[in-house]
Structure formats: C-alpha cells, structure tokens
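Printed here is query-v2.cif (mmCIF, C-alpha atoms):
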```cif
data_target
loop_
_atom_site.label_atom_id
_atom_site.label_comp_id
_atom_site.auth_asym_id
_atom_site.auth_seq_id
_atom_site.Cartn_x
_atom_site.Cartn_y
_atom_site.Cartn_z
CA MET X 1 -8.53 -3.46 -14.92
CA ALA X 2 -6.46 -5.27 -12.34
CA GLU X 3 -6.22 -3.32 -9.10
CA THR X 4 -3.59 -3.89 -6.47
CA LEU X 5 -5.37 -4.46 -3.19
CA GLY X 6 -4.11 -4.56 0.35
CA ASN X 7 -0.36 -4.68 1.00
CA PRO X 8 -0.82 -2.70 4.25
CA MET X 9 2.21 -0.98 5.75
CA ILE X 10 2.87 0.64 9.14
CA ARG X 11 5.83 2.91 9.90
CA MET X 12 6.51 3.84 13.53
CA PRO X 13 9.46 4.01 15.90
CA GLY X 14 10.63 0.65 17.29
CA SER X 15 11.32 2.16 20.69
CA ALA X 16 10.20 5.12 22.77
CA LYS X 17 10.44 6.59 26.25
CA LYS X 18 7.46 6.01 28.54
CA GLY X 19 4.91 8.79 28.08
CA GLU X 20 6.32 9.97 24.76
CA VAL X 21 3.73 10.65 22.05
CA ILE X 22 4.84 8.94 18.83
CA GLU X 23 3.59 9.25 15.27
CA VAL X 24 2.32 6.22 13.35
CA ARG X 25 2.08 6.38 9.56
CA SER X 26 0.28 3.83 7.42
CA LEU X 27 -0.57 3.03 3.82
CA ILE X 28 -2.80 0.47 2.09
CA MET X 29 -3.66 -0.19 -1.56
CA ASN X 30 -7.33 0.27 -2.42
CA PRO X 31 -9.02 1.96 -5.43
CA MET X 32 -11.43 3.99 -3.21
CA THR X 33 -13.86 4.37 -6.15
CA THR X 34 -16.96 6.50 -5.54
CA GLY X 35 -19.56 4.67 -7.65
CA LEU X 36 -20.25 8.00 -9.40
CA ALA X 37 -17.65 7.88 -12.19
CA LYS X 38 -18.06 6.07 -15.51
CA ASP X 39 -15.59 3.73 -17.16
CA LYS X 40 -14.23 5.72 -20.14
CA ASN X 41 -14.22 2.65 -22.42
CA THR X 42 -17.56 1.01 -21.59
CA GLY X 43 -19.58 4.02 -20.40
CA LYS X 44 -20.75 1.97 -17.41
CA LEU X 45 -20.59 3.19 -13.82
CA ILE X 46 -17.59 1.90 -11.91
CA PRO X 47 -18.99 0.41 -8.68
CA ALA X 48 -18.05 1.98 -5.35
CA HIS X 49 -15.16 0.04 -3.85
CA PHE X 50 -13.61 1.62 -0.78
CA ILE X 51 -12.32 1.03 2.72
CA GLN X 52 -15.02 1.85 5.27
CA THR X 53 -13.39 1.17 8.62
CA VAL X 54 -9.91 1.22 10.13
CA THR X 55 -9.75 -0.30 13.62
CA ILE X 56 -6.57 0.38 15.54
CA THR X 57 -5.69 -1.34 18.82
CA PHE X 58 -2.64 -1.49 21.05
CA ASN X 59 -2.14 -4.73 23.04
CA ASP X 60 -5.76 -5.56 22.04
CA LYS X 61 -7.10 -2.36 23.67
CA PRO X 62 -9.01 0.14 21.47
CA LEU X 63 -6.83 3.07 20.38
CA LEU X 64 -8.50 4.71 17.38
CA ASP X 65 -11.57 3.81 15.31
CA ILE X 66 -12.00 5.39 11.89
CA ASP X 67 -14.93 5.44 9.45
CA TRP X 68 -14.06 6.46 5.90
CA SER X 69 -16.13 7.56 2.92
CA THR X 70 -15.41 7.49 -0.81
CA ALA X 71 -13.88 10.98 -0.36
CA VAL X 72 -10.67 9.45 0.98
CA SER X 73 -8.05 9.30 -1.79
CA ALA X 74 -7.03 6.09 -3.55
CA ASN X 75 -4.42 4.01 -1.71
CA PRO X 76 -5.19 5.73 1.59
CA TYR X 77 -2.40 7.22 3.68
CA LEU X 78 -3.13 7.76 7.37
CA ALA X 79 -1.02 9.23 10.16
CA PHE X 80 -2.01 9.44 13.82
CA LYS X 81 -0.43 9.65 17.29
CA MET X 82 -0.12 7.26 20.20
CA ARG X 83 1.12 7.78 23.76
CA ALA X 84 3.77 5.15 24.45
CA ASP X 85 2.79 3.81 27.88
CA GLU X 86 4.00 0.21 27.62
CA SER X 87 5.80 -2.14 25.25
CA GLY X 88 3.60 -4.12 22.92
CA THR X 89 1.98 -4.50 19.54
CA LEU X 90 -0.04 -2.00 17.53
CA GLN X 91 -2.58 -3.63 15.21
CA MET X 92 -4.46 -2.03 12.34
CA VAL X 93 -7.38 -3.69 10.55
CA TRP X 94 -8.76 -2.16 7.34
CA LYS X 95 -12.13 -3.38 5.99
CA ASP X 96 -13.70 -2.46 2.65
CA ASN X 97 -17.25 -2.71 1.29
CA SER X 98 -16.39 -5.80 -0.78
CA ASN X 99 -15.63 -8.14 2.13
CA GLY X 100 -11.93 -7.27 2.01
CA SER X 101 -10.04 -7.23 5.31
CA TRP X 102 -6.34 -6.60 5.86
CA THR X 103 -4.32 -6.62 9.07
CA ALA X 104 -0.87 -5.23 9.86
CA THR X 105 1.03 -5.06 13.15
CA SER X 106 4.09 -3.25 14.45
CA LYS X 107 5.96 -3.69 17.74
CA ILE X 108 7.37 -1.05 20.05
CA THR X 109 9.61 -1.29 23.10
CA VAL X 110 8.93 1.33 25.77
CA SER X 111 11.57 2.06 28.41
CA MET R 112 -15.60 1.26 24.34
CA LYS R 113 -19.18 1.85 23.28
CA GLN R 114 -18.24 1.94 19.62
CA MET R 115 -16.53 -1.44 19.76
CA GLN R 116 -19.43 -3.09 21.51
CA ARG R 117 -21.86 -1.76 18.95
CA ARG R 118 -19.68 -3.05 16.12
CA GLN R 119 -19.25 -6.46 17.64
CA PHE R 120 -22.96 -6.73 18.37
CA LEU R 121 -24.01 -5.64 14.89
CA GLY R 122 -21.37 -7.89 13.40
CA THR R 123 -23.13 -11.09 14.37
CA GLY R 124 -26.47 -10.06 12.90
CA VAL R 125 -25.10 -8.64 9.68
CA THR R 126 -22.92 -11.67 9.03
CA ALA R 127 -25.91 -13.95 9.32
CA ALA R 128 -27.90 -11.72 6.97
CA ALA R 129 -25.05 -11.59 4.47
CA VAL R 130 -24.73 -15.37 4.47
CA ALA R 131 -28.47 -15.69 3.86
CA ALA R 132 -28.29 -13.17 1.01
CA VAL R 133 -25.43 -15.04 -0.64
CA ALA R 134 -27.23 -18.35 -0.27
CA GLY R 135 -30.35 -16.93 -1.91
CA THR R 136 -28.67 -15.26 -4.87
CA GLY R 137 -25.52 -17.31 -5.14
CA LEU R 138 -25.80 -17.94 -8.87
CA LEU R 139 -26.65 -14.37 -9.78
CA ARG R 140 -23.87 -12.82 -7.75
CA ALA R 141 -21.21 -15.45 -8.34
CA GLY R 142 -19.28 -13.23 -10.73
CA ASN R 143 -19.44 -10.08 -8.65
CA ALA R 144 -17.64 -9.01 -5.54
CA LEU R 145 -20.15 -8.87 -2.72
CA ALA R 146 -20.67 -5.20 -1.90
CA ASP R 147 -21.83 -4.84 1.68
CA ASN R 148 -21.33 -2.15 4.26
CA VAL R 149 -18.97 -3.05 7.10
CA ALA R 150 -20.90 -3.59 10.35
CA GLY R 151 -21.16 -0.40 12.40
CA TRP R 152 -20.24 1.95 9.52
CA PRO R 153 -22.57 4.99 9.83
CA ALA R 154 -24.16 4.73 6.37
CA LYS R 155 -26.85 7.37 6.90
CA ALA R 156 -24.39 10.17 7.67
CA PHE R 157 -22.01 9.13 4.88
CA ASP R 158 -24.83 8.85 2.31
CA ALA R 159 -26.25 12.33 3.08
CA LYS R 160 -25.95 14.57 0.02
CA GLU R 161 -26.13 18.02 1.66
CA LEU R 162 -23.84 19.43 4.35
CA ASP R 163 -26.72 20.18 6.75
CA ALA R 164 -28.09 16.64 6.51
CA ALA R 165 -24.61 15.12 6.85
CA MET R 166 -23.97 17.23 9.97
CA THR R 167 -27.37 16.42 11.49
CA ASP R 168 -26.82 12.70 10.96
CA SER R 169 -23.30 12.74 12.43
CA VAL R 170 -22.70 15.69 14.78
CA GLY R 171 -26.40 16.08 15.65
CA LYS R 172 -26.64 19.80 14.79
CA THR R 173 -25.80 22.09 11.88
CA SER R 174 -24.22 25.02 13.72
CA VAL R 175 -21.21 24.63 16.01
CA PRO R 176 -19.13 27.51 17.51
CA VAL R 177 -15.64 27.93 16.07
CA SER R 178 -12.78 27.34 18.52
CA SER R 179 -9.09 28.11 18.12
CA LYS R 180 -8.44 24.71 19.72
CA VAL R 181 -9.44 22.99 16.47
CA SER R 182 -6.71 23.26 13.85
CA LEU R 183 -7.22 22.23 10.23
CA LYS R 184 -4.37 22.53 7.78
CA ALA R 185 -4.90 22.17 4.04
CA PRO R 186 -3.21 23.68 0.97
CA THR R 187 -4.57 27.00 -0.35
CA ILE R 188 -4.34 25.66 -3.88
CA ALA R 189 -4.54 21.97 -4.81
CA GLU R 190 -3.62 21.12 -8.38
CA ASN R 191 -5.03 17.63 -7.97
CA GLY R 192 -8.41 17.44 -6.24
CA GLY R 193 -7.93 13.68 -6.11
CA ALA R 194 -5.40 13.88 -3.29
CA VAL R 195 -5.61 16.93 -1.03
CA PRO R 196 -3.50 16.51 2.12
CA VAL R 197 -5.27 17.58 5.34
CA THR R 198 -3.90 17.70 8.88
CA ILE R 199 -6.25 17.86 11.85
CA GLU R 200 -5.16 18.64 15.39
CA VAL R 201 -7.37 19.41 18.36
CA ASP R 202 -5.87 20.89 21.52
CA SER R 203 -6.80 18.60 24.41
CA PRO R 204 -5.05 17.05 27.43
CA MET R 205 -6.25 13.60 26.22
CA THR R 206 -6.61 12.25 29.77
CA ALA R 207 -9.25 9.76 30.88
CA ASP R 208 -11.36 12.66 32.24
CA ASP R 209 -10.88 15.14 29.43
CA TYR R 210 -10.30 14.02 25.86
CA ILE R 211 -11.49 14.45 22.30
CA ALA R 212 -13.82 11.54 21.60
CA THR R 213 -14.87 12.18 18.00
CA VAL R 214 -13.78 14.30 15.07
CA TRP R 215 -15.68 14.68 11.80
CA LEU R 216 -14.20 15.99 8.55
CA PHE R 217 -16.50 17.59 5.93
CA VAL R 218 -16.10 18.93 2.39
CA ASP R 219 -19.08 21.29 1.98
CA HIS R 220 -20.11 20.53 -1.61
CA ASN R 221 -18.74 17.07 -2.28
CA PRO R 222 -21.47 14.67 -3.57
CA THR R 223 -21.49 13.29 0.00
CA PRO R 224 -20.01 15.95 2.34
CA LEU R 225 -18.96 13.75 5.29
CA ALA R 226 -15.44 12.58 4.39
CA SER R 227 -14.26 10.82 7.57
CA GLN R 228 -15.10 10.18 11.20
CA PHE R 229 -12.40 9.55 13.82
CA ASN R 230 -13.14 8.05 17.24
CA PHE R 231 -10.21 8.77 19.56
CA THR R 232 -9.27 7.36 22.97
CA PRO R 233 -7.09 9.04 25.64
CA ALA R 234 -4.32 6.55 24.70
CA CYS R 235 -3.79 8.49 21.46
CA GLY R 236 -1.99 11.19 23.47
CA LYS R 237 -2.97 13.74 20.83
CA ALA R 238 -6.11 14.18 18.74
CA TYR R 239 -4.14 14.28 15.51
CA ILE R 240 -4.82 12.94 12.02
CA GLN R 241 -3.22 13.36 8.64
CA GLU R 242 -4.81 11.92 5.49
CA ARG R 243 -5.54 12.74 1.84
CA ILE R 244 -9.02 13.46 0.55
CA LYS R 245 -10.84 14.04 -2.75
CA MET R 246 -12.45 17.38 -3.55
CA ALA R 247 -14.83 17.79 -6.48
CA LYS R 248 -14.12 21.53 -6.92
CA THR R 249 -12.91 24.65 -5.09
CA ASP R 250 -14.65 24.34 -1.76
CA ASN R 251 -14.52 24.67 2.02
CA VAL R 252 -13.15 21.94 4.25
CA ARG R 253 -14.20 21.94 7.92
CA VAL R 254 -13.75 19.90 11.07
CA ILE R 255 -16.08 19.41 14.06
CA ALA R 256 -14.70 17.95 17.31
CA LYS R 257 -16.60 16.53 20.28
CA THR R 258 -15.14 16.06 23.77
CA ASN R 259 -15.92 13.08 26.00
CA LYS R 260 -18.32 15.42 27.84
CA GLY R 261 -20.25 16.17 24.66
CA GLU R 262 -18.91 19.69 24.09
CA LEU R 263 -18.80 20.56 20.38
CA MET R 264 -16.32 22.87 18.67
CA ALA R 265 -15.54 23.62 15.04
CA SER R 266 -12.53 24.67 13.03
CA ALA R 267 -12.76 27.76 10.89
CA PRO R 268 -13.73 26.59 7.38
CA ARG R 269 -10.69 26.47 5.08
CA GLU R 270 -11.03 27.15 1.39
CA VAL R 271 -9.01 24.99 -0.99
CA LYS R 272 -8.83 26.10 -4.62
CA VAL R 273 -9.00 22.98 -6.78
CA THR R 274 -7.58 23.08 -10.32
CA ILE R 275 -8.59 19.56 -11.42
CA GLY R 276 -11.53 17.95 -9.59
CA GLY R 277 -11.03 14.65 -7.83
CA CYS R 278 -14.15 12.79 -8.93
CA GLY R 279 -12.66 10.82 -11.80
CA GLY R 280 -11.91 7.83 -9.64
#
```
Encoded form (structure tokens):
Amino acid sequence: MAETLGNPMIRMPGSAKKGEVIEVRSLIMNPMTTGLAKDKNTGKLIPAHFIQTVTITFNDKPLLDIDWSTAVSANPYLAFKMRADESGTLQMVWKDNSNGSWTATSKITVS
Amino acid sequence: MKQMQRRQFLGTGVTAAAVAAVAGTGLLRAGNALADNVAGWPAKAFDAKELDAAMTDSVGKTSVPVSSKVSLKAPTIAENGGAVPVTIEVDSPMTADDYIATVWLFVDHNPTPLASQFNFTPACGKAYIQERIKMAKTDNVRVIAKTNKGELMASAPREVKVTIGGCGG
C-alpha cells in the first residue's frame, strides 16, 4: 500500500507584537503504525513506522523538543505556543524510525 | 540545552553503528526500509508495557501529587479511538528561572502507556500542547509535568470512553 509521507506544513501568524505569545500549528503525513496490527489481506504484522522526534528551533535556538510513540495518531497534528521576542525563522524537523527526516520553516516579523 | 547536547553526542555514535550494520547486512536488508530508533529517543520508557514501569522510566516515580496547575482536556466520549484530541496546558510563568521543563502524556492501559514527552524552554511562553492520540479502549489519560527545579505535579486522570479502539493502524 502506497503511503503518503512527509509534506510537512506549519501555520502561524506572519507578524506579532514583541512579547505576544502566538500559536503554531503543524501537520505531517506519516502512517504512525504500531507494529502490533496485522495486514488484513496477508495476515502478517505491519511493521512499526512512526515519527519519533520533533525538534523545533527559533533562529537556531532550541524552542521545543518532542518525543513521540506509536500512540500518536496517523498524520500527526501538533499545536504549541511561542513567545514572539524577535523576528526570525521557526524550524521544525520531524524524524521517523525508518531514516525519514522532514524539515519545514516559517518566518515571523516582530515589531 | 542538555537534551540537545545528548542528542548530538549520541548522533555521531549511532550513525557510525547504523552504517556498519547496513554494510554488514546490505544484501539482506536491501528491500526493507531501515528501521532504527532516532538518536536520543527514550526507547526504554516508550517500550514499557505497564503504566508503573513507563512512569518509573520517564518521570522517575509512580506517584505524583495532583495539581490544579496541570490542565488536561480530552473528550468524554471518543467515537474513534484512533484520533482522540488532547490539549495540555500547565500554569507557569515560563521565565528563565521558573518554567515547565518536561511534560509526559500517558494512556493507562495502552500496549505502551507513554504516549508523548515534551521538553519545553522558557521561549515557548506557555507550556501548551495540542495533539491527537490513539486509545485502545475506554481508559484514563493523564499528564505529569516537571519544573526546571525538578518539582513534579500531575493532572487529574481524565476518563475517555472509546467506542471503536484505535489499534487497527
């Protein structure tokens, strides 16, 4: 079965006032299989394939580090907050247990 | 950040090991995606099959006092256990001296109870997360938070009634 992988997306405001706490929402395509379920046609176990880490930085400084398990739903959605202290670039890097790595960035202007 | 340093350090060793493993079994594994844990991912805590073990391997203890500062929102009834929306928010000033450093999310009776671990920095402004998780059956969801000073606090456990379990995928 062909799975869509990757295609990471970030949604956040393009501008903010200094000190304002903004919300960042993100989405990425990944099957997030547990390794416990069987393929209905073949009866074989479907291997675990899931995103394990999300590393979020702002202007290359650590912001939020996430470790995920197979209990996170397929095509994981994630929302978090960030205090807008300076203009710059938010970067998110998702890595899965099959050597997959995806990066997305989004810019914000702080006044 | 400590976490970053650990990841970067481990990264070099694991990459070398992974390259060696591929070289040794290249023909056998050519058709398969290489399944390897990402460097720094806390496998022991995530592989634990009981709540107590998962908490010991992540939080460090199995009993944490409940605090009204830790908010966990989840639906009372979830028709689809494959995608249960949860919102976590911990009341904290999130300053360099006083912030929430780590939050763990557990589903008591999932095959592996630890669902997610979040490592915050003061730059987050708020210790806030929203995501969707899988639940095998009607069960309790709970959150443990740790401040930068090591103080632990828990949310009240929240029961979610699951109509169709989320372990098909």
Closest of X:Thr105, X:Ser111, X:Thr55, X:Thr89 to chain R, counting all atoms listed in the file, is X:Thr55
For CA of Ser106 in chain X and CA of Gly19 in chain X, quote the distance in Å rounded to one decimal.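 Atom-to-atom, CA of Ser106 in chain X and CA of Gly19 in chain X are spaced 18.2 Å apart.
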Atomic separation - CA of Asn191 in chain R relative to CA of Ser178 in chain R, Å: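 These two atoms are separated by 29.3 Å.
When the distance limit is 6 Å and all atoms listed in the file are what count, the residues near Val218 in chain R, minus those fewer than 4 positions from it on the same chain, are Pro224, Asn251 and Val252 of chain R.
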Given all atoms listed in the file as the counted atoms, nearest of R:Thr258, R:Ser179, R:Thr206, R:Thr187 to chain X
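Comparing R:Thr258, R:Ser179, R:Thr206, R:Thr187 against chain X, the winner is R:Thr206.
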Checklist entry - When you draw a straight line from CA of Asp163 in chain R to CA of Met205 in chain R, how long is it in Å? => result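 A separation of 29.0 Å between them.
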Q: Dump as a VMD selection string the residues of chain X that approach chain R to within 7 Å, counting all atoms listed in the file.
A: chain X and resid 21 33 to 34 37 52 to 53 63 to 69 71 to 73 77 to 83 95 to 99
Task: Contacts of Ile56 in chain X at 9 Å (all atoms listed in the file; same-chain gap of 2+ positions) as a list in words - done: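 That gives Val54, Phe58, Asp60, Lys61, Pro62, Leu63, Leu64, Asp65, Ile66, Leu90, Gln91, Met92, Val93 and Trp94 of chain X.
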If the PyMOL selection byres ((chain X and resi 14) around 6) were run on this exact file, what residues would it hold? Put them as a ChimeraX atom specification. /X:13,15,108
Can those selected residues be exported to a file as a tab-separated table (two decimals), in the coordinates of the input so that it contains C-alpha atoms?
```
chain	number	residue	atom	x	y	z
X	13	PRO	CA	9.46	4.01	15.90
X	15	SER	CA	11.32	2.16	20.69
X	108	ILE	CA	7.37	-1.05	20.05
```
* To do: Could you check which of R:Glu270, R:Thr249, R:Asp202, R:Ile211 is closest to Glu190 in chain R, using all atoms listed in the file?
  =>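 Ranking R:Glu270, R:Thr249, R:Asp202, R:Ile211 by distance to Glu190 in chain R, first place goes to R:Thr249.
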X:Ala84, X:Val24, X:Leu5, X:Leu45: which is nearest Val110 in chain X, counting all atoms listed in the file?
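With all atoms listed in the file as the atom set, the closest residue is X:Ala84.
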Range 12-15 of chain X: axis-aligned bounding box, 6 Å on each side, centre and edge lengths in Å, one decimal, as AutoDock Vina command-line options:
```
--center_x 8.9 --center_y 2.3 --center_z 17.1 --size_x 16.8 --size_y 15.4 --size_z 19.2
```
ask   = Using the chain letters and numbers from the file, which residues does the PyMOL selection byres ((chain X and resi 47) around 6) grab, as a ChimeraX atom specification?
value = /X:35,46,48
